[in-house]
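Trainee: Would you mind keeping the following structure in view while I ask a few things?
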Amino acid sequence: KKWKQLSRLQRSVILFLFAFLAVCGVISYTSMGEPWKSLTNKSLDDQRTEPEIPGLKLANPAVLPAPQKVDANLGDYPELSPQKLPKPPHVRHGPSNLQIKPPRRDVKLKTRHGTSRVVEEPVQADKEEKTEKSVISWRGAVIEPDQSTEPPSSKIKEPEKPSSVEDVDQKEPVPINERQMAVIEAFRHAWKGYKDFAWGHDELKPLSKSYSEWFGLGLTLIDALDTMWILGLKEEFEEARKWVANDLVFDKNVDVNLFESTIRILGGLLSTYHLSGDSLFLEKAKEIGNRLMPAFKTPSKIPYSDVNIGRGTAHPPRWTSDSTVAEVTSIQLEFRELSRLTGDEKFQKAVDEVMKHVHTLSGKNDGLVPMFINTNSGQFTHLGVYTLGARADSYYEYLLKQWIQGGKKENELLEDYMRAIEGVKKHLLKRSQPKKLTFVGELAHGHFSAKMDHLVCFLPGTLALGAHNGLTADHMKLAEALIETCYQMYAQVETGLSPEIVHFNLHAQKGHKDVEIKPADRHNLLRPETVESLFYMYRFTGDKKYQDWGWEILQNFNKYTRVPTGGYTSINNVQNPSNPEPRDKMESFFLGETLKYMFLLFSDDIDLINLDKYVFNTEAHPLPIWAPA
Ligand code: DMJ
C-alpha cells in the first residue's frame with residue numbers, strides 16, 4: 001500500500017539503492033579469497049589428501065592416518081570457525097623451494113674450556129625461510145604441519161599438550177659444537193671423494209678413484225640424503241636431490257637384495273621425505289616399495305632374498321631356498337610406514353605376516369632364533385646355532401622398534417623381545433678376563449663360543465631404548481656393561497679401531513688382553529654399531545664419557561681410514577698402525593649411519609631427532625612413531 005503511495009521518482013531511487021547494495025555484496029564476497037573458498041564443499045574436497053594410489057583407502061585405522069593438509073579435515077571438527085582456519089600449507093614446487101632450514105647464521109662454538117667463539121656457518125641462511133611460520137623446524141631440519149605424526153585433533157583439542165610445532169619454535173636453536181663441526185668436515189671429505197669419483201654409483205673406491213656397483217642405484221647418495229639434511233648441508237642435499245629427481249631409475253633389469261635395498265633405499269627415501277617434506281622422495285619410495293613386492297610371492301610368504309626390480313621376479317640365492325632370519329624380519333619398519341603414508345595396506349600386510357609366522361615358530365631357544373628360514377616350508381633351518389651377530393642381529397632390534405613405532409600396542413612383539421633378552425642373559429652372556437667385560441657370545445649345539453661380532457654392538461643402544469620406553473631397568477644396566485665392552489673392542493686394539501670379530505678371553509693369561517683377534521677377522525668396514533649405541537647411551541644418561549669415547553673413535557677413523565684425495569676406506573688390518581692395509585671401499589653406511597650417529601652423539605639437542613617422536617631403522621634412517629605413548 002505504502003509502495004503505491006510513493007512517487008515514481010521515490011520508487012526509482014529506492015530500487016537503485018537496492019541494486020547498488022546487492023552489487024557491493026557480491027564484490028565483497030568474492031574478494032574474501034582463499035579462507036572463504038576453503039569453506040565451500042568443493043574447495044574442501046580439493047584440499048583433502050587424495051589416496052596416493054587411486055581407489056585405495058587407509059590400510060588400518062589403528063595406525064596413524066597419512067599426513068594431511070592442515071585444513072583438510074574440517075568436516076571432522078565442526079566446532080572450527082572460519083576465523084580459526086590455519087594458514088594454508090606451504091606449497092612446494094621443487095628444489096628451489098625445498099624447505100631446508102639452515103642451522104643458523106652464526107655458529108657458536110663452545111670450546112671444552114667453556115668459552116665460545118663465532119665461526120662461519122656451514123650453509124647459507126635464507127631470509128625468506130626465517131619468516132615461514134607454517135614450517136616446524138628443529139636444528140637443520142624441517143617438518144611441515146602436514147608431516148606431523150600427531151593427529152590434527154590432538155593439536156586442536158589439547159592445546160595444553162604442546163605439539164611439535166610449539167615445542168620447537170619456542171626453543172633457542174642449540175649451537176653446533178666443535179666436535180659436530182669435525183663430523184661435518186669428515187662428511188664433506190667423504191662426500192668430495194664420492195662426488196669426484198663415484199657420483200651416482202653405489203660405492204666409492206677412494207684409492208683407485210673409481211666406484212663399485214652393487215645394485216646400480218646410487219646407494220651411497222640415497223643412504224646419505226637424510227644425513228646431509230641433519231648436518232645442515234643444504235647445497236650438497238640439493239645437488240643430490242636433483243640426481244634423485246633426474247637420474248634415479250628403478251626400471252632396471254637388476255637383482256637387488258630385498259633387505260639391503262629396503263633398509264638403505266626405501267628407508268632412506270622415507271626418512272628424507274619426512275625430514276624435508278618433499279614429495280619426490282615419497283614417490284620414489286612408493287616405486288621401489290612396489291618393485292620389491294614380488295619377493296613375498298613364495299609358498300610360505302617368507303620372502304626370497306633377491307628381487308629383479310625391472311622384471312618383477314624374485315628368487316632365493318642360487319645354492320639354497322633359505323632366507324636369512326634377520327633379513328626377513330628387518331624390513332617391517334619401512335614397509336609398515338609405506339602403508340601408512342600411501343594408504344595401501346599390502347606393504348604392511350606382507351611384512352606383518354612374516355612377524356606373526358615367526359612368532360609362532362618352533363626351533364627357538366628361550367626366544368633366541370636360528371639364522372635361516374626356509375621360503376618353501378616356512379620353518380627355521382640349521383637349528384641349534386644362536387647369535388646376536390650376523391644373520392640374526394636386527395631381528396631383535398626390530399622386535400622392539402616395531403613395538404615402539406606402532407605406539408607400544410603390539411604385545412606379541414614385546415613378548416618376543418623380552419623373552420629373547422632373557423634368552424641372551426641365560427645362554428650368551430659371559431665375562432672376560434682380565435677386565436671382566438660383559439660380552440655376548442654364541443651358542444652352537446650347546447657349545448658356547450666367546451666370539452662376538454662388532455655387529456652385536458647395536459645391542460646396548462637397543463636395550464637402552466627399551467629401558468627409556470619403560471622396560472625393566474635391568475636392561476639399562478646390561479646396556480651400560482655392554483657398551484663398555486664395545487668401547488674396549490676399539491681401545492684394546494693398536495689402531496684404536498675395532499675388528500669385525502673378536503674373541504674374548506675367558507681365562508686370565510699373563511700378558512693377554514680381554515680381546516683376541518684372529519687374522520681373518522681383523523678388518524674394519526667403517527661400521528656404525530658402537531657409535532650408534534654411544535649415541536643412545538649419551539641421550540639417555542647425559543654421561544659425557546660416551547661422547548669422549550665417540551670422539552676417540554672419530555679421530556682414529558681420521559687417522560687410519562681417511563684418503564687424502566677424498567673419501568674414507570675400509571681397512572684390512574686394525575692391528576697394524578703403520579700399514580692398516582686400505583681396502584679401497586667406502587661402504588654407504590659410513591655416510592648413512594656412522595657419521596650421522598657421530599653428529600647426533602656430539603649434540604646436546606634432544607630435539608635433533610627426538611627419540612620420543614622418531615625411531616631409527618637399522619640403517620639409521622629416522623621414521624616417525626605413529627602415536628604418542
Ligand atoms: C648396516 O647395513 C645395517 O646397520 C645393518 O643392520 C647391519 N649392517 C650394516 C652396518 O654395519
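Chain labels A, B, ... are given in the sequence in which chains occur in the C-alpha cells; within each chain residues are numbered consecutively from 1, and ligands are likewise numbered from 1 in the order shown.
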For the interface of chain A with ligand 1 (cut-off 7 Å, counting only C-alpha atoms and all ligand atoms), please tabulate each contacting residue of chain A alongside its nearest pair of atoms and their separation in Å to one decimal, rows sorted by chain and increasing number, as CSV.

Mentor:
residue,atom,partner,partner_atom_place_in_ligand_line,distance
A:Glu260,CA,ligand 1,2 (O),6.7
A:Ser394,CA,ligand 1,6 (O),5.8
A:Leu455,CA,ligand 1,11 (O),6.1
A:Arg527,CA,ligand 1,11 (O),4.5
A:Pro528,CA,ligand 1,11 (O),5.7
A:Glu529,CA,ligand 1,11 (O),6.4
A:Phe589,CA,ligand 1,1 (C),5.9
A:Thr618,CA,ligand 1,6 (O),4.6
A:Glu619,CA,ligand 1,4 (O),4.6

Trainee: Near Pro316 (chain A), counting only C-alpha atoms, which residues have an atom at most 10 Å away, once you skip same-chain residues fewer than 6 positions from it, shown as a PyMOL selection string?

Mentor: chain A and resi 257+295+298+303-307+322-323+374-375

Trainee: Suppose you want the space between CA of Leu591 (chain A) and CA of Met537 (chain A); what is it in Å?

Mentor: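 Atom-to-atom, CA of Leu591 (chain A) and CA of Met537 (chain A) are spaced 20.9 Å apart.
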
Trainee: Going by DSSP on the backbone, which residues of region 387-496 of chain A come out as alpha helix (DSSP H)? List them as a short mmCIF file (atom, residue, chain, number, x, y, z; two decimals) with N, CA and C atoms, in the first residue's frame.

Mentor:
data_model
loop_
_atom_site.label_atom_id
_atom_site.label_comp_id
_atom_site.auth_asym_id
_atom_site.auth_seq_id
_atom_site.Cartn_x
_atom_site.Cartn_y
_atom_site.Cartn_z
N ASP A 393 70.99 -60.48 14.07
CA ASP A 393 71.06 -59.23 14.85
C ASP A 393 69.80 -58.37 14.82
N SER A 394 69.42 -57.90 13.65
CA SER A 394 68.35 -56.90 13.62
C SER A 394 66.96 -57.50 13.81
N TYR A 395 66.84 -58.86 13.85
CA TYR A 395 65.55 -59.45 14.27
C TYR A 395 65.20 -58.90 15.64
N TYR A 396 66.16 -58.91 16.56
CA TYR A 396 65.90 -58.46 17.93
C TYR A 396 65.65 -56.95 17.97
N GLU A 397 66.44 -56.23 17.19
CA GLU A 397 66.30 -54.77 17.13
C GLU A 397 64.90 -54.37 16.65
N TYR A 398 64.41 -55.08 15.62
CA TYR A 398 63.11 -54.69 15.03
C TYR A 398 61.92 -55.16 15.86
N LEU A 399 62.11 -56.15 16.72
CA LEU A 399 61.00 -56.51 17.62
C LEU A 399 60.67 -55.29 18.47
N LEU A 400 61.71 -54.73 19.10
CA LEU A 400 61.48 -53.57 19.97
C LEU A 400 61.02 -52.35 19.16
N LYS A 401 61.67 -52.13 18.05
CA LYS A 401 61.39 -50.88 17.31
C LYS A 401 60.01 -50.88 16.64
N GLN A 402 59.54 -52.06 16.22
CA GLN A 402 58.17 -52.10 15.67
C GLN A 402 57.17 -51.82 16.77
N TRP A 403 57.45 -52.37 17.95
CA TRP A 403 56.55 -52.13 19.09
C TRP A 403 56.49 -50.63 19.38
N ILE A 404 57.63 -49.97 19.34
CA ILE A 404 57.67 -48.51 19.58
C ILE A 404 56.99 -47.77 18.42
N GLN A 405 57.31 -48.15 17.22
CA GLN A 405 56.72 -47.48 16.04
C GLN A 405 55.20 -47.50 16.10
N ASN A 411 51.50 -56.45 21.41
CA ASN A 411 52.11 -57.17 22.53
C ASN A 411 52.98 -58.34 22.14
N GLU A 412 52.64 -58.99 21.03
CA GLU A 412 53.44 -60.16 20.64
C GLU A 412 54.89 -59.75 20.38
N LEU A 413 55.05 -58.57 19.80
CA LEU A 413 56.40 -58.09 19.51
C LEU A 413 57.18 -57.88 20.80
N LEU A 414 56.51 -57.27 21.76
CA LEU A 414 57.17 -57.01 23.05
C LEU A 414 57.48 -58.32 23.76
N GLU A 415 56.52 -59.24 23.73
CA GLU A 415 56.75 -60.55 24.37
C GLU A 415 57.99 -61.21 23.78
N ASP A 416 58.06 -61.23 22.44
CA ASP A 416 59.20 -61.89 21.79
C ASP A 416 60.51 -61.20 22.15
N TYR A 417 60.45 -59.88 22.24
CA TYR A 417 61.67 -59.12 22.58
C TYR A 417 62.12 -59.45 24.01
N MET A 418 61.17 -59.39 24.94
CA MET A 418 61.53 -59.62 26.36
C MET A 418 62.06 -61.04 26.55
N ARG A 419 61.40 -61.98 25.89
CA ARG A 419 61.84 -63.38 26.01
C ARG A 419 63.25 -63.53 25.44
N ALA A 420 63.49 -62.87 24.32
CA ALA A 420 64.81 -63.00 23.68
C ALA A 420 65.91 -62.42 24.58
N ILE A 421 65.64 -61.30 25.21
CA ILE A 421 66.69 -60.72 26.06
C ILE A 421 66.95 -61.64 27.27
N GLU A 422 65.89 -62.29 27.75
CA GLU A 422 66.11 -63.28 28.82
C GLU A 422 66.96 -64.43 28.28
N GLY A 423 66.71 -64.81 27.03
CA GLY A 423 67.50 -65.87 26.39
C GLY A 423 68.96 -65.47 26.27
N LEU A 459 73.38 -53.77 20.28
CA LEU A 459 72.52 -54.20 21.38
C LEU A 459 72.47 -53.23 22.56
N PRO A 460 73.60 -52.67 23.01
CA PRO A 460 73.47 -51.71 24.13
C PRO A 460 72.51 -50.57 23.81
N GLY A 461 72.57 -50.06 22.60
CA GLY A 461 71.67 -48.96 22.21
C GLY A 461 70.22 -49.40 22.23
N THR A 462 69.96 -50.59 21.71
CA THR A 462 68.58 -51.09 21.67
C THR A 462 68.06 -51.33 23.08
N LEU A 463 68.91 -51.93 23.94
CA LEU A 463 68.49 -52.15 25.34
C LEU A 463 68.17 -50.82 26.03
N ALA A 464 69.01 -49.82 25.78
CA ALA A 464 68.78 -48.51 26.40
C ALA A 464 67.48 -47.89 25.88
N LEU A 465 67.22 -48.08 24.60
CA LEU A 465 65.98 -47.54 24.02
C LEU A 465 64.76 -48.22 24.67
N GLY A 466 64.87 -49.51 24.90
CA GLY A 466 63.78 -50.23 25.56
C GLY A 466 63.56 -49.71 26.97
N ALA A 467 64.64 -49.53 27.70
CA ALA A 467 64.53 -49.03 29.08
C ALA A 467 63.92 -47.62 29.07
N HIS A 468 64.32 -46.81 28.11
CA HIS A 468 63.74 -45.47 28.00
C HIS A 468 62.23 -45.54 27.75
N ALA A 473 64.64 -51.76 34.28
CA ALA A 473 65.91 -51.04 34.46
C ALA A 473 67.11 -51.97 34.32
N ASP A 474 66.88 -53.28 34.49
CA ASP A 474 67.95 -54.27 34.26
C ASP A 474 68.54 -54.13 32.86
N HIS A 475 67.66 -53.81 31.92
CA HIS A 475 68.13 -53.68 30.53
C HIS A 475 69.12 -52.53 30.41
N MET A 476 68.89 -51.47 31.17
CA MET A 476 69.82 -50.34 31.13
C MET A 476 71.16 -50.74 31.75
N LYS A 477 71.09 -51.51 32.82
CA LYS A 477 72.34 -51.97 33.46
C LYS A 477 73.15 -52.80 32.47
N LEU A 478 72.45 -53.69 31.79
CA LEU A 478 73.14 -54.53 30.81
C LEU A 478 73.71 -53.67 29.67
N ALA A 479 72.94 -52.67 29.26
CA ALA A 479 73.40 -51.77 28.19
C ALA A 479 74.70 -51.09 28.62
N GLU A 480 74.75 -50.64 29.86
CA GLU A 480 75.95 -49.94 30.34
C GLU A 480 77.17 -50.86 30.32
N ALA A 481 76.95 -52.11 30.73
CA ALA A 481 78.07 -53.06 30.74
C ALA A 481 78.52 -53.36 29.30
N LEU A 482 77.56 -53.55 28.40
CA LEU A 482 77.92 -53.95 27.04
C LEU A 482 78.57 -52.82 26.24
N ILE A 483 78.16 -51.60 26.48
CA ILE A 483 78.78 -50.51 25.70
C ILE A 483 80.24 -50.32 26.14
N GLU A 484 80.51 -50.60 27.39
CA GLU A 484 81.91 -50.56 27.87
C GLU A 484 82.73 -51.60 27.09
N THR A 485 82.14 -52.78 26.92
CA THR A 485 82.82 -53.85 26.18
C THR A 485 83.07 -53.43 24.72
N CYS A 486 82.03 -52.85 24.11
CA CYS A 486 82.18 -52.44 22.70
C CYS A 486 83.26 -51.38 22.58
N TYR A 487 83.32 -50.49 23.54
CA TYR A 487 84.38 -49.48 23.51
C TYR A 487 85.75 -50.15 23.65
N GLN A 488 85.85 -51.14 24.51
CA GLN A 488 87.13 -51.85 24.68
C GLN A 488 87.54 -52.60 23.41
N MET A 489 86.57 -52.96 22.60
CA MET A 489 86.90 -53.61 21.31
C MET A 489 87.66 -52.64 20.40
N TYR A 490 87.54 -51.36 20.65
CA TYR A 490 88.34 -50.34 19.95
C TYR A 490 89.62 -50.05 20.74
N ALA A 491 89.42 -49.77 22.04
CA ALA A 491 90.52 -49.24 22.85
C ALA A 491 91.67 -50.22 23.02
#

Trainee: I need the residues of region 231-388 of chain A that end up classed as strand (DSSP E) by DSSP on the backbone, written out as an NGL selection string.

Mentor: :A and (255-257 or 306-308 or 313-315 or 322-324 or 372-374 or 380-381 or 385-386)

Trainee: With all heavy atoms kept, could you save the residues just selected as a compact mmCIF listing (two decimals), in the first residue's frame?

Mentor:
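Result went into out04.txt, see below:
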# COMPACT_ATOMS: atom_id res chain seq x y z
N ASP A 255 69.12 -57.54 -10.15
CA ASP A 255 68.75 -58.24 -8.92
C ASP A 255 69.20 -57.42 -7.72
O ASP A 255 70.38 -57.06 -7.63
CB ASP A 255 69.47 -59.59 -8.85
CG ASP A 255 68.72 -60.67 -9.61
OD1 ASP A 255 67.59 -60.39 -10.07
OD2 ASP A 255 69.26 -61.78 -9.72
N VAL A 256 68.29 -57.15 -6.81
CA VAL A 256 68.70 -56.46 -5.59
C VAL A 256 68.35 -57.34 -4.40
O VAL A 256 67.43 -58.15 -4.46
CB VAL A 256 68.02 -55.08 -5.42
CG1 VAL A 256 68.28 -54.19 -6.63
CG2 VAL A 256 66.51 -55.20 -5.17
N ASN A 257 69.09 -57.16 -3.33
CA ASN A 257 68.79 -57.87 -2.10
C ASN A 257 67.64 -57.14 -1.40
O ASN A 257 67.70 -55.92 -1.20
CB ASN A 257 70.05 -57.90 -1.22
CG ASN A 257 69.78 -58.50 0.14
OD1 ASN A 257 69.24 -57.84 1.02
ND2 ASN A 257 70.17 -59.74 0.33
N ASP A 306 66.22 -62.17 -2.95
CA ASP A 306 66.56 -61.32 -4.10
C ASP A 306 65.35 -61.03 -5.00
O ASP A 306 64.52 -61.90 -5.21
CB ASP A 306 67.64 -62.01 -4.96
CG ASP A 306 68.93 -62.16 -4.18
OD1 ASP A 306 69.68 -61.19 -4.08
OD2 ASP A 306 69.16 -63.26 -3.61
N VAL A 307 65.34 -59.83 -5.52
CA VAL A 307 64.25 -59.43 -6.42
C VAL A 307 64.87 -58.76 -7.64
O VAL A 307 65.77 -57.92 -7.49
CB VAL A 307 63.34 -58.35 -5.78
CG1 VAL A 307 62.07 -58.18 -6.60
CG2 VAL A 307 63.03 -58.66 -4.34
N ASN A 308 64.34 -59.10 -8.81
CA ASN A 308 64.71 -58.34 -10.01
C ASN A 308 63.69 -57.21 -10.15
O ASN A 308 62.54 -57.46 -10.50
CB ASN A 308 64.72 -59.25 -11.24
CG ASN A 308 65.26 -58.51 -12.45
OD1 ASN A 308 64.77 -57.43 -12.82
ND2 ASN A 308 66.31 -59.06 -13.06
N THR A 313 60.49 -60.26 -10.81
CA THR A 313 60.62 -61.66 -10.38
C THR A 313 61.53 -61.71 -9.15
O THR A 313 62.36 -60.83 -8.95
CB THR A 313 61.26 -62.51 -11.49
OG1 THR A 313 62.49 -61.87 -11.88
CG2 THR A 313 60.35 -62.64 -12.69
N ALA A 314 61.35 -62.77 -8.37
CA ALA A 314 62.16 -62.89 -7.16
C ALA A 314 62.67 -64.32 -7.03
O ALA A 314 62.09 -65.24 -7.60
CB ALA A 314 61.34 -62.52 -5.94
N HIS A 315 63.74 -64.49 -6.29
CA HIS A 315 64.31 -65.83 -6.13
C HIS A 315 65.22 -65.87 -4.91
O HIS A 315 65.74 -64.84 -4.48
CB HIS A 315 65.09 -66.23 -7.40
CG HIS A 315 66.21 -65.27 -7.71
ND1 HIS A 315 67.46 -65.37 -7.17
CD2 HIS A 315 66.23 -64.15 -8.48
CE1 HIS A 315 68.22 -64.38 -7.60
NE2 HIS A 315 67.50 -63.62 -8.40
N ASP A 322 66.69 -71.09 1.32
CA ASP A 322 66.57 -70.41 2.62
C ASP A 322 66.72 -68.90 2.47
O ASP A 322 67.42 -68.42 1.57
CB ASP A 322 67.69 -70.87 3.56
CG ASP A 322 67.47 -72.30 4.06
OD1 ASP A 322 66.38 -72.85 3.80
OD2 ASP A 322 68.40 -72.83 4.69
N SER A 323 66.10 -68.18 3.39
CA SER A 323 66.40 -66.76 3.56
C SER A 323 67.03 -66.59 4.94
O SER A 323 66.93 -67.47 5.80
CB SER A 323 65.13 -65.92 3.49
OG SER A 323 64.69 -65.82 2.15
N THR A 324 67.65 -65.43 5.13
CA THR A 324 68.28 -65.14 6.43
C THR A 324 67.23 -64.56 7.37
O THR A 324 66.46 -63.68 6.97
CB THR A 324 69.42 -64.12 6.20
OG1 THR A 324 70.42 -64.76 5.42
CG2 THR A 324 70.01 -63.64 7.50
N PHE A 372 68.55 -69.11 9.83
CA PHE A 372 67.96 -69.30 8.50
C PHE A 372 66.52 -69.77 8.59
O PHE A 372 66.11 -70.42 9.56
CB PHE A 372 68.78 -70.33 7.70
CG PHE A 372 70.19 -69.87 7.44
CD1 PHE A 372 71.23 -70.30 8.26
CD2 PHE A 372 70.47 -69.00 6.40
CE1 PHE A 372 72.54 -69.87 8.03
CE2 PHE A 372 71.77 -68.57 6.17
CZ PHE A 372 72.81 -68.99 7.00
N ILE A 373 65.78 -69.45 7.55
CA ILE A 373 64.37 -69.85 7.48
C ILE A 373 64.07 -70.23 6.03
O ILE A 373 64.55 -69.56 5.10
CB ILE A 373 63.47 -68.70 7.99
CG1 ILE A 373 62.01 -69.12 8.06
CG2 ILE A 373 63.62 -67.41 7.16
CD1 ILE A 373 61.15 -68.16 8.90
N ASN A 374 63.30 -71.31 5.86
CA ASN A 374 63.07 -71.81 4.51
C ASN A 374 61.84 -71.17 3.86
O ASN A 374 60.77 -71.11 4.47
CB ASN A 374 62.93 -73.34 4.55
CG ASN A 374 62.93 -73.90 3.15
OD1 ASN A 374 61.90 -74.00 2.49
ND2 ASN A 374 64.13 -74.23 2.66
N PHE A 380 62.30 -72.75 10.43
CA PHE A 380 63.72 -72.45 10.64
C PHE A 380 64.55 -73.62 10.14
O PHE A 380 64.11 -74.78 10.23
CB PHE A 380 64.01 -72.28 12.14
CG PHE A 380 63.47 -70.99 12.74
CD1 PHE A 380 62.73 -71.03 13.91
CD2 PHE A 380 63.73 -69.75 12.15
CE1 PHE A 380 62.24 -69.86 14.49
CE2 PHE A 380 63.25 -68.58 12.73
CZ PHE A 380 62.51 -68.63 13.90
N THR A 381 65.75 -73.33 9.65
CA THR A 381 66.67 -74.41 9.29
C THR A 381 67.99 -74.20 10.04
O THR A 381 68.17 -73.17 10.69
CB THR A 381 66.94 -74.44 7.77
OG1 THR A 381 67.61 -73.22 7.41
CG2 THR A 381 65.65 -74.56 6.97
N VAL A 385 71.99 -73.10 16.32
CA VAL A 385 73.06 -72.09 16.36
C VAL A 385 72.41 -70.73 16.67
O VAL A 385 71.49 -70.30 15.97
CB VAL A 385 73.82 -72.01 15.01
CG1 VAL A 385 74.93 -70.97 15.08
CG2 VAL A 385 74.38 -73.38 14.64
N TYR A 386 72.91 -70.09 17.71
CA TYR A 386 72.29 -68.82 18.15
C TYR A 386 73.34 -67.74 18.32
O TYR A 386 74.37 -67.96 18.96
CB TYR A 386 71.53 -69.03 19.47
CG TYR A 386 70.50 -70.12 19.34
CD1 TYR A 386 70.76 -71.41 19.83
CD2 TYR A 386 69.30 -69.89 18.67
CE1 TYR A 386 69.83 -72.42 19.67
CE2 TYR A 386 68.37 -70.89 18.50
CZ TYR A 386 68.64 -72.16 18.99
OH TYR A 386 67.73 -73.17 18.82

Trainee: With distances taken over only C-alpha atoms, which residue among A:Leu233, A:Ala620, A:Val244, A:Ile571 lies nearest Glu532 (chain A)?

Mentor: A:Ala620

Trainee: Excluding Gly378 (chain A) and residues on its chain fewer than 4 positions from it, collect all residues at most 9 Å away from it, counting only C-alpha atoms, and give them as an NGL selection string.

Mentor: :A and (299-302 or 357-358 or 361 or 373-374)

Trainee: Write out as an MDAnalysis selection string each polymer residue whose atoms come within 9 Å of Arg391 (chain A), counting only C-alpha atoms; drop sequence neighbours fewer than 6 positions from it.

Mentor: chainID A and resid 324:327 370:372
